[in-house]
file query.csv (CSV, C-alpha atoms)
chain,number,residue,atom,x,y,z
R,1,MET,CA,44.0,24.6,82.5
R,2,VAL,CA,40.5,23.8,83.6
R,3,THR,CA,40.0,21.1,81.0
R,4,ASP,CA,42.0,19.1,78.5
R,5,THR,CA,39.4,19.9,75.8
R,6,PRO,CA,39.0,23.3,74.1
R,7,ASP,CA,35.2,23.4,74.9
R,8,MET,CA,34.8,24.1,78.6
R,9,GLN,CA,31.8,26.2,77.5
R,10,LEU,CA,29.8,23.0,76.9
R,11,LEU,CA,27.3,22.3,74.2
R,12,TRP,CA,24.2,24.6,74.2
R,13,PRO,CA,21.5,23.7,73.8
R,14,PRO,CA,22.2,20.4,75.5
R,15,CYS,CA,21.7,17.2,73.6
R,16,ASP,CA,19.3,15.3,75.9
R,17,ALA,CA,16.9,12.5,75.5
R,18,GLN,CA,13.8,14.7,75.6
R,19,LEU,CA,14.9,16.9,72.7
R,20,ARG,CA,16.0,13.9,70.7
R,21,ASP,CA,12.5,12.4,71.1
R,22,VAL,CA,10.9,15.7,70.1
R,23,PHE,CA,12.9,15.8,66.8
R,24,LEU,CA,12.1,12.1,66.1
R,25,ARG,CA,8.4,12.6,66.6
R,26,MET,CA,8.4,15.7,64.4
R,27,LEU,CA,10.2,13.8,61.7
R,28,GLU,CA,7.7,11.0,61.8
R,29,ASP,CA,4.5,13.1,61.9
R,30,GLY,CA,5.7,15.9,59.6
R,31,SER,CA,4.7,18.6,62.1
R,32,TRP,CA,8.0,20.3,61.8
R,33,GLY,CA,7.1,21.6,58.4
R,34,ARG,CA,3.6,23.0,59.1
R,35,TYR,CA,2.6,26.6,59.2
R,36,GLN,CA,0.4,26.0,62.3
R,37,GLY,CA,-0.2,23.1,64.5
R,38,PRO,CA,-0.4,21.7,68.0
R,39,HIS,CA,3.1,22.7,69.2
R,40,GLY,CA,2.6,26.4,68.9
R,41,ASP,CA,-0.7,26.3,70.6
R,42,ALA,CA,0.7,24.1,73.4
R,43,LEU,CA,3.7,26.5,73.9
R,44,THR,CA,1.6,29.7,74.1
R,45,ALA,CA,-0.7,28.0,76.6
R,46,ALA,CA,2.2,26.7,78.7
R,47,LEU,CA,4.0,30.0,78.8
R,48,ALA,CA,0.9,31.9,79.8
R,49,GLU,CA,0.1,29.4,82.6
R,50,TYR,CA,3.8,29.3,83.8
R,51,HIS,CA,3.9,33.1,84.1
R,52,GLY,CA,0.3,33.5,85.4
R,53,VAL,CA,-0.9,35.8,82.6
R,54,ASP,CA,-3.9,35.7,80.4
R,55,HIS,CA,-2.2,35.9,77.0
R,56,CYS,CA,1.0,34.9,75.2
R,57,VAL,CA,1.9,35.8,71.7
R,58,VAL,CA,5.0,34.1,70.2
R,59,CYS,CA,7.1,35.6,67.5
R,60,CYS,CA,10.4,35.4,65.6
R,61,SER,CA,12.8,36.9,68.2
R,62,GLY,CA,13.2,38.8,71.4
R,63,THR,CA,14.1,41.9,69.5
R,64,ALA,CA,10.8,41.6,67.5
R,65,ALA,CA,9.0,41.0,70.8
R,66,VAL,CA,10.3,44.3,72.1
R,67,GLU,CA,9.3,46.1,68.9
R,68,LEU,CA,5.8,44.6,68.9
R,69,SER,CA,5.4,45.6,72.6
R,70,LEU,CA,6.4,49.2,71.8
R,71,ARG,CA,3.8,49.2,69.0
R,72,ALA,CA,1.2,47.7,71.3
R,73,ALA,CA,2.0,50.5,73.7
R,74,GLY,CA,1.2,53.1,71.0
R,75,VAL,CA,4.8,54.4,70.7
R,76,GLY,CA,5.3,56.4,67.6
R,77,SER,CA,7.2,59.3,66.0
R,78,GLY,CA,8.1,62.0,68.6
R,79,ASP,CA,7.2,59.9,71.6
R,80,GLU,CA,9.8,59.2,74.4
R,81,VAL,CA,10.7,55.8,75.9
R,82,LEU,CA,12.5,55.7,79.2
R,83,MET,CA,15.1,53.0,79.5
R,84,CYS,CA,18.4,52.2,81.4
R,85,ALA,CA,21.6,53.5,79.9
R,86,TYR,CA,23.2,50.1,80.5
R,87,ASP,CA,21.0,47.8,78.3
R,88,PHE,CA,21.1,45.6,75.3
R,89,LYS,CA,21.7,47.7,72.2
R,90,ALA,CA,18.6,46.4,70.3
R,91,ASN,CA,16.2,47.9,72.8
R,92,LEU,CA,17.5,51.4,72.0
R,93,VAL,CA,17.5,50.7,68.2
R,94,ASN,CA,13.9,49.4,68.5
R,95,VAL,CA,12.8,52.8,69.9
R,96,LEU,CA,14.6,54.7,67.2
R,97,HIS,CA,13.1,52.4,64.5
R,98,LEU,CA,9.6,53.6,65.5
R,99,GLY,CA,10.7,57.3,65.3
R,100,ALA,CA,10.7,57.7,69.0
R,101,VAL,CA,13.4,59.1,71.4
R,102,PRO,CA,15.2,56.9,73.9
R,103,VAL,CA,15.6,58.6,77.2
R,104,LEU,CA,18.5,57.1,79.1
R,105,VAL,CA,18.4,56.9,82.9
R,106,ASP,CA,21.5,56.0,84.9
R,107,THR,CA,22.1,52.8,86.8
R,108,VAL,CA,22.5,52.1,90.5
R,109,PRO,CA,26.2,52.4,91.3
R,110,GLY,CA,28.0,49.2,90.5
R,111,GLN,CA,24.9,47.3,89.3
R,112,PRO,CA,23.2,46.9,85.9
R,113,ILE,CA,19.9,48.1,87.4
R,114,MET,CA,18.0,51.2,86.5
R,115,ASP,CA,18.2,53.9,89.3
R,116,VAL,CA,14.6,54.9,90.0
R,117,ARG,CA,15.7,58.2,91.4
R,118,GLY,CA,16.5,59.4,87.9
R,119,LEU,CA,13.0,58.8,86.6
R,120,GLU,CA,11.2,62.0,87.7
R,121,ALA,CA,13.7,64.1,85.8
R,122,ALA,CA,13.3,61.8,82.8
R,123,VAL,CA,9.5,61.9,82.3
R,124,THR,CA,7.8,64.6,80.1
R,125,SER,CA,4.5,65.1,78.4
R,126,ARG,CA,5.9,63.1,75.5
R,127,SER,CA,6.8,60.0,77.6
R,128,LYS,CA,4.9,57.0,76.4
R,129,ALA,CA,6.5,53.8,77.8
R,130,LEU,CA,9.3,52.5,80.0
R,131,ILE,CA,11.5,49.5,79.2
R,132,ALA,CA,12.8,47.7,82.3
R,133,SER,CA,15.5,45.0,81.6
R,134,HIS,CA,16.6,42.2,84.0
R,135,LEU,CA,20.3,41.7,83.2
R,136,HIS,CA,23.1,39.4,84.3
R,137,GLY,CA,21.2,37.6,87.1
R,138,LEU,CA,19.8,40.8,88.7
R,139,SER,CA,16.3,42.1,88.5
R,140,ALA,CA,14.9,45.6,87.9
R,141,PRO,CA,12.9,47.1,90.8
R,142,MET,CA,9.6,46.2,89.3
R,143,ALA,CA,7.3,47.3,92.2
R,144,GLU,CA,8.7,50.8,92.2
R,145,LEU,CA,8.7,51.0,88.4
R,146,ARG,CA,5.1,49.8,88.2
R,147,GLN,CA,4.0,52.4,90.6
R,148,PHE,CA,5.9,55.1,88.7
R,149,CYS,CA,4.4,54.1,85.4
R,150,ARG,CA,0.9,54.1,86.9
R,151,THR,CA,1.5,57.6,88.3
R,152,HIS,CA,2.6,58.9,85.0
R,153,SER,CA,0.4,56.8,82.7
R,154,LEU,CA,3.3,55.0,81.1
R,155,VAL,CA,3.2,51.5,79.6
R,156,LEU,CA,5.7,49.3,81.4
R,157,ILE,CA,7.5,46.8,79.1
R,158,GLU,CA,9.5,44.2,81.1
R,159,ASP,CA,12.4,42.7,79.2
R,160,ALA,CA,12.9,39.3,80.8
R,161,CYS,CA,15.0,37.9,77.9
R,162,GLN,CA,17.9,37.2,80.3
R,163,ASN,CA,15.7,36.2,83.3
R,164,PRO,CA,13.3,33.4,82.3
R,165,GLY,CA,11.9,31.5,85.3
R,166,ALA,CA,13.1,34.0,88.0
R,167,VAL,CA,10.6,34.9,90.7
R,168,LEU,CA,10.3,38.5,91.9
R,169,ASP,CA,7.9,39.4,94.7
R,170,GLY,CA,6.1,36.0,94.2
R,171,ARG,CA,5.6,36.3,90.4
R,172,ARG,CA,7.6,35.2,87.5
R,173,ALA,CA,9.9,37.6,85.7
R,174,GLY,CA,8.0,38.8,82.6
R,175,ALA,CA,4.6,38.9,84.5
R,176,HIS,CA,5.1,42.3,86.3
R,177,GLY,CA,4.9,44.7,83.3
R,178,ASP,CA,1.9,45.6,81.2
R,179,LEU,CA,3.9,43.6,78.6
R,180,GLY,CA,6.6,41.1,79.2
R,181,VAL,CA,9.2,39.9,76.7
R,182,LEU,CA,11.1,36.6,76.4
R,183,SER,CA,13.8,35.6,73.9
R,184,PHE,CA,14.5,32.1,72.6
R,185,GLY,CA,17.7,33.0,70.8
R,186,GLY,CA,20.4,30.5,70.3
R,187,SER,CA,22.3,31.3,73.5
R,188,LYS,CA,19.3,31.8,75.8
R,189,LEU,CA,18.2,29.6,78.7
R,190,LEU,CA,15.2,28.6,76.6
R,191,THR,CA,16.4,28.3,73.1
R,192,ALA,CA,15.1,27.4,69.7
R,193,GLY,CA,17.9,29.1,67.8
R,194,ARG,CA,15.6,32.1,67.3
R,195,GLY,CA,12.3,33.2,68.6
R,196,GLY,CA,10.5,35.3,71.2
R,197,ALA,CA,7.3,35.8,73.1
R,198,ILE,CA,5.2,38.6,74.5
R,199,LEU,CA,3.3,38.1,77.8
R,200,THR,CA,0.3,40.2,78.8
R,201,SER,CA,-3.1,40.1,80.5
R,202,SER,CA,-4.5,42.9,78.2
R,203,LYS,CA,-6.7,41.9,75.3
R,204,THR,CA,-6.2,45.4,73.9
R,205,PHE,CA,-2.4,44.9,73.6
R,206,VAL,CA,-2.9,41.5,72.0
R,207,GLN,CA,-5.2,43.0,69.4
R,208,ARG,CA,-2.7,45.7,68.6
R,209,ILE,CA,0.0,43.1,68.2
R,210,HIS,CA,-2.1,41.1,65.8
R,211,LEU,CA,-2.8,44.2,63.7
R,212,CYS,CA,1.0,44.4,63.2
R,213,THR,CA,1.6,40.7,62.6
R,214,GLN,CA,-1.4,39.4,60.6
R,215,ARG,CA,-0.9,40.2,56.9
R,216,GLY,CA,-2.6,37.3,55.2
R,217,ASN,CA,0.0,35.3,57.0
R,218,GLU,CA,2.0,35.6,60.2
R,219,ALA,CA,4.7,38.2,59.5
R,220,TYR,CA,6.7,37.5,62.7
R,221,PRO,CA,6.4,33.7,63.0
R,222,LEU,CA,7.7,31.2,65.4
R,223,SER,CA,7.7,27.8,63.7
R,224,GLU,CA,6.1,24.6,64.8
R,225,MET,CA,9.6,23.1,65.1
R,226,GLN,CA,10.8,25.9,67.4
R,227,ALA,CA,7.7,25.6,69.6
R,228,ALA,CA,8.1,21.9,69.9
R,229,VAL,CA,11.7,22.0,71.2
R,230,LEU,CA,10.9,24.8,73.6
R,231,LEU,CA,8.2,22.8,75.5
R,232,PRO,CA,10.6,20.3,77.2
R,233,GLN,CA,13.0,23.0,78.0
R,234,LEU,CA,10.3,25.0,79.8
R,235,ARG,CA,9.5,21.9,81.9
R,236,GLN,CA,13.2,21.7,82.9
R,237,LEU,CA,13.7,25.4,83.5
R,238,ASP,CA,13.2,25.6,87.3
R,239,VAL,CA,15.5,22.6,87.9
R,240,ARG,CA,18.2,24.1,85.7
R,241,ASN,CA,17.9,27.5,87.3
R,242,ALA,CA,18.3,26.0,90.7
R,243,HIS,CA,21.4,24.1,89.5
R,244,ARG,CA,22.9,27.3,88.2
R,245,ALA,CA,22.2,29.1,91.5
R,246,VAL,CA,24.3,26.5,93.3
R,247,SER,CA,27.1,27.0,90.9
R,248,VAL,CA,27.0,30.8,91.3
R,249,GLU,CA,27.2,30.4,95.1
R,250,ILE,CA,30.3,28.2,94.7
R,251,LEU,CA,31.9,30.9,92.5
R,252,ARG,CA,31.0,33.7,94.9
R,253,LYS,CA,32.5,32.0,97.9
R,254,ARG,CA,35.7,31.1,96.1
R,255,LEU,CA,36.2,34.7,94.9
R,256,GLU,CA,35.7,36.3,98.3
R,257,GLY,CA,38.7,38.2,99.4
R,258,ASN,CA,40.3,38.7,96.0
R,259,HIS,CA,40.9,42.4,95.2
R,260,VAL,CA,40.4,42.4,91.5
R,261,LEU,CA,37.0,40.9,90.7
R,262,ARG,CA,33.8,40.6,92.7
R,263,ALA,CA,30.6,38.9,92.0
R,264,VAL,CA,27.6,41.2,91.4
R,265,LEU,CA,24.5,39.4,92.8
R,266,PRO,CA,21.0,40.1,94.0
R,267,ALA,CA,20.8,41.3,97.6
R,268,GLY,CA,20.6,38.4,99.9
R,269,PHE,CA,21.4,35.8,97.2
R,270,THR,CA,22.0,32.3,98.3
R,271,ALA,CA,21.8,29.0,96.4
R,272,GLU,CA,18.8,28.0,98.6
R,273,THR,CA,16.6,30.6,96.9
R,274,GLY,CA,16.5,28.4,93.8
R,275,ASP,CA,13.8,26.1,95.3
R,276,HIS,CA,10.7,28.3,94.6
R,277,SER,CA,9.6,28.0,98.2
R,278,GLY,CA,8.3,31.5,98.5
R,279,HIS,CA,11.7,33.3,98.0
R,280,ASP,CA,12.7,35.5,95.2
R,281,THR,CA,14.9,33.5,92.7
R,282,ALA,CA,17.4,34.5,90.1
R,283,ALA,CA,18.0,33.1,86.6
R,284,PHE,CA,21.6,33.4,85.5
R,285,TYR,CA,21.8,33.7,81.7
R,286,LYS,CA,25.0,35.5,82.6
R,287,MET,CA,26.7,35.9,86.0
R,288,ALA,CA,28.1,39.4,86.5
R,289,PHE,CA,31.5,40.4,87.9
R,290,LEU,CA,32.8,43.9,88.5
R,291,LEU,CA,36.5,44.9,88.3
R,292,SER,CA,37.8,46.9,91.1
R,293,VAL,CA,38.4,50.6,90.6
R,294,GLY,CA,41.8,51.3,89.0
R,295,TYR,CA,41.7,48.4,86.5
R,296,SER,CA,41.4,49.6,83.0
R,297,ALA,CA,39.2,48.5,80.1
R,298,GLU,CA,42.4,47.1,78.5
R,299,PHE,CA,43.0,45.0,81.6
R,300,ARG,CA,39.5,43.7,81.2
R,301,GLU,CA,40.1,42.6,77.7
R,302,GLN,CA,43.4,40.9,78.7
R,303,LEU,CA,41.6,39.1,81.6
R,304,SER,CA,38.8,37.9,79.2
R,305,ALA,CA,41.4,36.6,76.8
R,306,MET,CA,43.3,34.7,79.5
R,307,CYS,CA,40.0,33.2,80.8
R,308,LEU,CA,39.0,32.1,77.3
R,309,ARG,CA,42.4,30.4,76.8
R,310,SER,CA,41.7,28.4,80.0
R,311,GLY,CA,38.2,27.5,78.8
R,312,ILE,CA,36.4,29.9,81.1
R,313,PRO,CA,33.7,31.8,79.0
R,314,MET,CA,34.2,35.2,80.7
R,315,TYR,CA,33.6,38.3,78.5
R,316,PRO,CA,33.3,42.1,78.8
R,317,GLY,CA,29.7,43.2,79.5
R,318,PHE,CA,27.7,45.6,77.4
R,319,SER,CA,28.9,49.0,76.5
R,320,ALA,CA,26.9,51.8,78.0
R,321,LEU,CA,24.4,53.0,75.4
R,322,GLN,CA,25.5,56.7,75.5
R,323,THR,CA,29.1,55.6,74.7
R,324,ILE,CA,28.2,53.9,71.4
R,325,HIS,CA,25.5,56.3,70.1
R,326,ALA,CA,25.6,59.9,69.0
R,327,LYS,CA,24.0,62.3,71.4
R,328,SER,CA,21.5,63.3,68.7
R,329,ARG,CA,19.9,59.8,69.0
R,330,TYR,CA,18.9,59.9,72.6
R,331,ARG,CA,18.2,62.2,75.6
R,332,GLY,CA,20.3,61.5,78.6
R,333,ILE,CA,19.5,62.3,82.3
R,334,GLY,CA,22.4,63.6,84.2
R,335,THR,CA,26.0,62.5,83.7
R,336,LEU,CA,25.2,58.7,83.3
R,337,GLU,CA,28.5,58.1,85.0
R,338,ASN,CA,27.4,54.9,86.7
R,339,SER,CA,26.4,53.2,83.5
R,340,ALA,CA,29.6,54.4,81.9
R,341,GLU,CA,31.7,52.8,84.6
R,342,LEU,CA,29.8,49.5,84.1
R,343,GLY,CA,30.6,49.7,80.5
R,344,LYS,CA,34.3,49.7,81.3
R,345,ARG,CA,34.4,47.4,84.4
R,346,LEU,CA,31.6,44.8,84.2
R,347,MET,CA,32.4,41.2,83.1
R,348,VAL,CA,30.0,38.3,82.5
R,349,LEU,CA,30.3,34.5,82.7
R,350,HIS,CA,28.1,32.7,80.1
R,351,HIS,CA,25.6,30.3,81.6
R,352,PRO,CA,26.3,26.8,80.0
R,353,VAL,CA,29.3,26.2,82.4
R,354,LEU,CA,27.0,26.7,85.4
R,355,LEU,CA,25.2,23.4,84.7
R,356,GLN,CA,28.4,21.4,85.5
R,357,GLU,CA,28.8,19.4,88.7
R,358,PRO,CA,29.9,21.3,91.8
R,359,ALA,CA,33.4,19.8,91.7
R,360,LYS,CA,33.9,21.1,88.1
R,361,ILE,CA,32.6,24.5,89.1
R,362,ASP,CA,35.0,24.6,92.0
R,363,GLU,CA,37.9,23.7,89.7
R,364,MET,CA,36.9,26.5,87.4
R,365,ALA,CA,36.7,29.0,90.3
R,366,LEU,CA,40.2,28.0,91.4
R,367,GLU,CA,41.5,28.5,87.9
R,368,LEU,CA,39.9,31.9,87.8
R,369,CYS,CA,41.5,32.8,91.1
R,370,ARG,CA,44.9,31.7,89.7
R,371,ILE,CA,44.5,33.9,86.7
R,372,LEU,CA,43.6,36.9,88.8
R,373,GLN,CA,46.6,36.3,91.0
R,374,SER,CA,48.9,36.0,88.0
R,375,MET,CA,47.6,39.2,86.4
R,376,ARG,CA,48.1,41.2,89.6
R,377,GLY,CA,51.8,40.2,89.4
call {"tool": "encode", "arguments": {"input": "query.csv", "output": "structure tokens"}}
result
Amino acid sequence: MVTDTPDMQLLWPPCDAQLRDVFLRMLEDGSWGRYQGPHGDALTAALAEYHGVDHCVVCCSGTAAVELSLRAAGVGSGDEVLMCAYDFKANLVNVLHLGAVPVLVDTVPGQPIMDVRGLEAAVTSRSKALIASHLHGLSAPMAELRQFCRTHSLVLIEDACQNPGAVLDGRRAGAHGDLGVLSFGGSKLLTAGRGGAILTSSKTFVQRIHLCTQRGNEAYPLSEMQAAVLLPQLRQLDVRNAHRAVSVEILRKRLEGNHVLRAVLPAGFTAETGDHSGHDTAAFYKMAFLLSVGYSAEFREQLSAMCLRSGIPMYPGFSALQTIHAKSRYRGIGTLENSAELGKRLMVLHHPVLLQEPAKIDEMALELCRILQSMRG
């Protein structure tokens, strides 16, 4: 066993002095119960500055942020929205909620990244927007997607809910699209239990969002209390992301050479890329692993169960969207075989364990190797 306690997954969000001080100050000044106040204004300004965009609109969840982004993009009944077939289910449901049609594009083989080669076959006169999601420590190819969207007059919505603080081509994740989306859900790297944000440099998009949300009051609110607890976490994000990157590198090295499970990481990844010295950086809300060909989905479930019993928070990844929705709900491009394989073989390690000290990460990696060896027989 990795630990003598049942909670190797660690407390998240962490109980630290900065958050404790925030709660005490809110209790004393009553700001936690206000409709509007200084915390929300400070958070929107800090997020806009951190991402290098002109505007930030906060809201009640990442799912709501995607919906509002689609509305800002003018997506409506009969329109089409291009998206990856391996993605969070809520993104597809948001498209359906607006009466639009999700158009599913396959992934790069073995990676939860949209394959840009499938886009030309996906676009039609009804195409209105494209959702690009950064998942499991990897990043969508934003430069190529941005050029494609410009060529075809599509609005690019960048889902950075799993990737806050990452740097791609010198800019923060969430700042590459026409609209960027963040989530502050209870498990996220920046968490307030619930909440989300939309990043953009377009006044037009901001005005369209406000037309949806302002109804005599704020229909999609982020509370003052939520904003207050997010501010200190934002200040710590870069340091924590760098710590997670070191942990990921330890795990990668320990697992080299095993024939069951391999880490799926950005090209050229090293722990040193976490220092924001001009390199691209990754943010690991989840660390991805791919089972070797020949291991079944049932094996994956058994492996997850054994890991959890040892205190290692390893879970199956998402299901491919085409495997959990009727064909009448989407239009698929090609066989979507790569995303289907990911839906059967991908596993993810949840992030709180990555903030442990290197010795503890190494201990966890050795336990994972032991489990893999035992399951191979």
call {"tool": "closest_atom_pairs", "arguments": {"input": "query.csv", "of": "stretch 271-329 of chain R", "to": "stretch 148-164 of chain R", "cutoff": "9 Å", "atoms": "all atoms listed in the file", "output": "JSON lines"}}
result
{"residue": "R:Ala282", "atom": "CA", "partner": "R:Asn163", "partner_atom": "CA", "distance": 7.2}
{"residue": "R:Ala283", "atom": "CA", "partner": "R:Asn163", "partner_atom": "CA", "distance": 5.1}
{"residue": "R:Phe284", "atom": "CA", "partner": "R:Asn163", "partner_atom": "CA", "distance": 6.9}
{"residue": "R:Tyr285", "atom": "CA", "partner": "R:Gln162", "partner_atom": "CA", "distance": 5.4}
{"residue": "R:Lys286", "atom": "CA", "partner": "R:Gln162", "partner_atom": "CA", "distance": 7.7}
call {"tool": "closest_residue", "arguments": {"input": "query.csv", "among": "R:His55, R:Arg235, R:Arg20, R:His210", "to": "R:Asp178", "atoms": "all atoms listed in the file"}}
result
R:His55
call {"tool": "atom_distance", "arguments": {"input": "query.csv", "atom1": "atom CA of R:Ala85", "atom2": "atom CA of R:Tyr315"}}
result
19.4 Å
call {"tool": "atom_distance", "arguments": {"input": "query.csv", "atom1": "atom CA of R:Ile198", "atom2": "atom CA of R:Val108"}}
result
27.2 Å
call {"tool": "atom_distance", "arguments": {"input": "query.csv", "atom1": "atom CA of R:Arg117", "atom2": "atom CA of R:Asp87"}}
result
17.5 Å
call {"tool": "residues_around", "arguments": {"input": "query.csv", "residues": "R:Ser201", "least_positions_apart": "6", "cutoff": "9 Å", "atoms": "all atoms listed in the file", "output": "list in words"}}
result
Gly52, Val53, Asp54, His55, Cys56, Ala175, Asp178 and Leu179 of chain R
call {"tool": "residues_around", "arguments": {"input": "query.csv", "residues": "stretch 317-333 of chain R", "least_positions_apart": "4", "cutoff": "6 Å", "atoms": "only C-alpha atoms", "output": "list in words"}}
result
Ala85, Tyr86, Val101, Pro102, Val103, Leu104, Val105, Ser339, Ala340, Gly343, Leu346, Met347 and Val348 of chain R
call {"tool": "closest_residue", "arguments": {"input": "query.csv", "among": "R:Lys203, R:His51, R:Leu291, R:Val229", "to": "R:Gly170", "atoms": "all atoms listed in the file"}}
result
R:His51
call {"tool": "closest_atom_pairs", "arguments": {"input": "query.csv", "of": "stretch 31-111 of chain R", "to": "stretch 251-270 of chain R", "cutoff": "12 Å", "atoms": "all atoms listed in the file", "output": "CSV"}}
result
residue,atom,partner,partner_atom,distance
R:Pro109,CA,R:Val264,CA,11.3
R:Gly110,CA,R:Val264,CA,8.1
R:Gln111,CA,R:Val264,CA,7.0
call {"tool": "residues_around", "arguments": {"input": "query.csv", "residues": "R:Val116", "least_positions_apart": "6", "cutoff": "12 Å", "atoms": "all atoms listed in the file", "output": "VMD selection string"}}
result
chain R and resid 82 to 84 104 to 109 122 to 123 130 132 140 to 149 333
call {"tool": "residues_around", "arguments": {"input": "query.csv", "residues": "stretch 218-225 of chain R", "least_positions_apart": "3", "cutoff": "8 Å", "atoms": "all atoms listed in the file", "output": "JSON list (two decimals) with C-alpha atoms, in the frame of the given file"}}
result
[["chain", "number", "residue", "atom", "x", "y", "z"],
["R", 26, "MET", "CA", 8.40, 15.70, 64.40],
["R", 31, "SER", "CA", 4.70, 18.60, 62.10],
["R", 32, "TRP", "CA", 8.00, 20.30, 61.80],
["R", 33, "GLY", "CA", 7.10, 21.60, 58.40],
["R", 34, "ARG", "CA", 3.60, 23.00, 59.10],
["R", 35, "TYR", "CA", 2.60, 26.60, 59.20],
["R", 36, "GLN", "CA", 0.40, 26.00, 62.30],
["R", 37, "GLY", "CA", -0.20, 23.10, 64.50],
["R", 38, "PRO", "CA", -0.40, 21.70, 68.00],
["R", 39, "HIS", "CA", 3.10, 22.70, 69.20],
["R", 40, "GLY", "CA", 2.60, 26.40, 68.90],
["R", 58, "VAL", "CA", 5.00, 34.10, 70.20],
["R", 59, "CYS", "CA", 7.10, 35.60, 67.50],
["R", 60, "CYS", "CA", 10.40, 35.40, 65.60],
["R", 64, "ALA", "CA", 10.80, 41.60, 67.50],
["R", 195, "GLY", "CA", 12.30, 33.20, 68.60],
["R", 196, "GLY", "CA", 10.50, 35.30, 71.20],
["R", 213, "THR", "CA", 1.60, 40.70, 62.60],
["R", 214, "GLN", "CA", -1.40, 39.40, 60.60],
["R", 215, "ARG", "CA", -0.90, 40.20, 56.90],
["R", 228, "ALA", "CA", 8.10, 21.90, 69.90],
["R", 229, "VAL", "CA", 11.70, 22.00, 71.20]]
call {"tool": "build_atoms", "arguments": {"input": "query.csv", "residues": "stretch 44-57 of chain R", "atoms": "N, CA and C atoms", "output": "PDB file, in the coordinates of the input"}}
result
ATOM      1  N   THR R  44       2.192  28.419  73.648  1.00  0.00           N
ATOM      2  CA  THR R  44       1.600  29.700  74.100  1.00  0.00           C
ATOM      3  C   THR R  44       0.786  29.434  75.395  1.00  0.00           C
ATOM      4  N   ALA R  45       0.058  28.313  75.443  1.00  0.00           N
ATOM      5  CA  ALA R  45      -0.700  28.000  76.600  1.00  0.00           C
ATOM      6  C   ALA R  45       0.194  27.738  77.833  1.00  0.00           C
ATOM      7  N   ALA R  46       1.284  27.002  77.606  1.00  0.00           N
ATOM      8  CA  ALA R  46       2.200  26.700  78.700  1.00  0.00           C
ATOM      9  C   ALA R  46       2.904  27.912  79.234  1.00  0.00           C
ATOM     10  N   LEU R  47       3.330  28.801  78.338  1.00  0.00           N
ATOM     11  CA  LEU R  47       4.000  30.000  78.800  1.00  0.00           C
ATOM     12  C   LEU R  47       3.064  30.930  79.556  1.00  0.00           C
ATOM     13  N   ALA R  48       1.826  31.059  79.096  1.00  0.00           N
ATOM     14  CA  ALA R  48       0.900  31.900  79.800  1.00  0.00           C
ATOM     15  C   ALA R  48       0.586  31.330  81.203  1.00  0.00           C
ATOM     16  N   GLU R  49       0.414  30.009  81.289  1.00  0.00           N
ATOM     17  CA  GLU R  49       0.100  29.400  82.600  1.00  0.00           C
ATOM     18  C   GLU R  49       1.356  29.518  83.514  1.00  0.00           C
ATOM     19  N   TYR R  50       2.541  29.261  82.993  1.00  0.00           N
ATOM     20  CA  TYR R  50       3.800  29.300  83.800  1.00  0.00           C
ATOM     21  C   TYR R  50       3.975  30.715  84.386  1.00  0.00           C
ATOM     22  N   HIS R  51       3.655  31.739  83.617  1.00  0.00           N
ATOM     23  CA  HIS R  51       3.900  33.100  84.100  1.00  0.00           C
ATOM     24  C   HIS R  51       2.656  33.724  84.758  1.00  0.00           C
ATOM     25  N   GLY R  52       1.535  33.037  84.732  1.00  0.00           N
ATOM     26  CA  GLY R  52       0.300  33.500  85.400  1.00  0.00           C
ATOM     27  C   GLY R  52      -0.272  34.746  84.717  1.00  0.00           C
ATOM     28  N   VAL R  53      -0.244  34.758  83.378  1.00  0.00           N
ATOM     29  CA  VAL R  53      -0.900  35.800  82.600  1.00  0.00           C
ATOM     30  C   VAL R  53      -1.942  35.257  81.715  1.00  0.00           C
ATOM     31  N   ASP R  54      -2.761  36.129  81.167  1.00  0.00           N
ATOM     32  CA  ASP R  54      -3.900  35.700  80.400  1.00  0.00           C
ATOM     33  C   ASP R  54      -3.529  35.344  78.925  1.00  0.00           C
ATOM     34  N   HIS R  55      -2.488  36.004  78.412  1.00  0.00           N
ATOM     35  CA  HIS R  55      -2.200  35.900  77.000  1.00  0.00           C
ATOM     36  C   HIS R  55      -0.687  35.732  76.752  1.00  0.00           C
ATOM     37  N   CYS R  56      -0.357  34.975  75.726  1.00  0.00           N
ATOM     38  CA  CYS R  56       1.000  34.900  75.200  1.00  0.00           C
ATOM     39  C   CYS R  56       0.980  34.901  73.723  1.00  0.00           C
ATOM     40  N   VAL R  57       1.815  35.748  73.120  1.00  0.00           N
ATOM     41  CA  VAL R  57       1.900  35.800  71.700  1.00  0.00           C
ATOM     42  C   VAL R  57       3.392  35.474  71.335  1.00  0.00           C
TER      43      VAL R  57
END
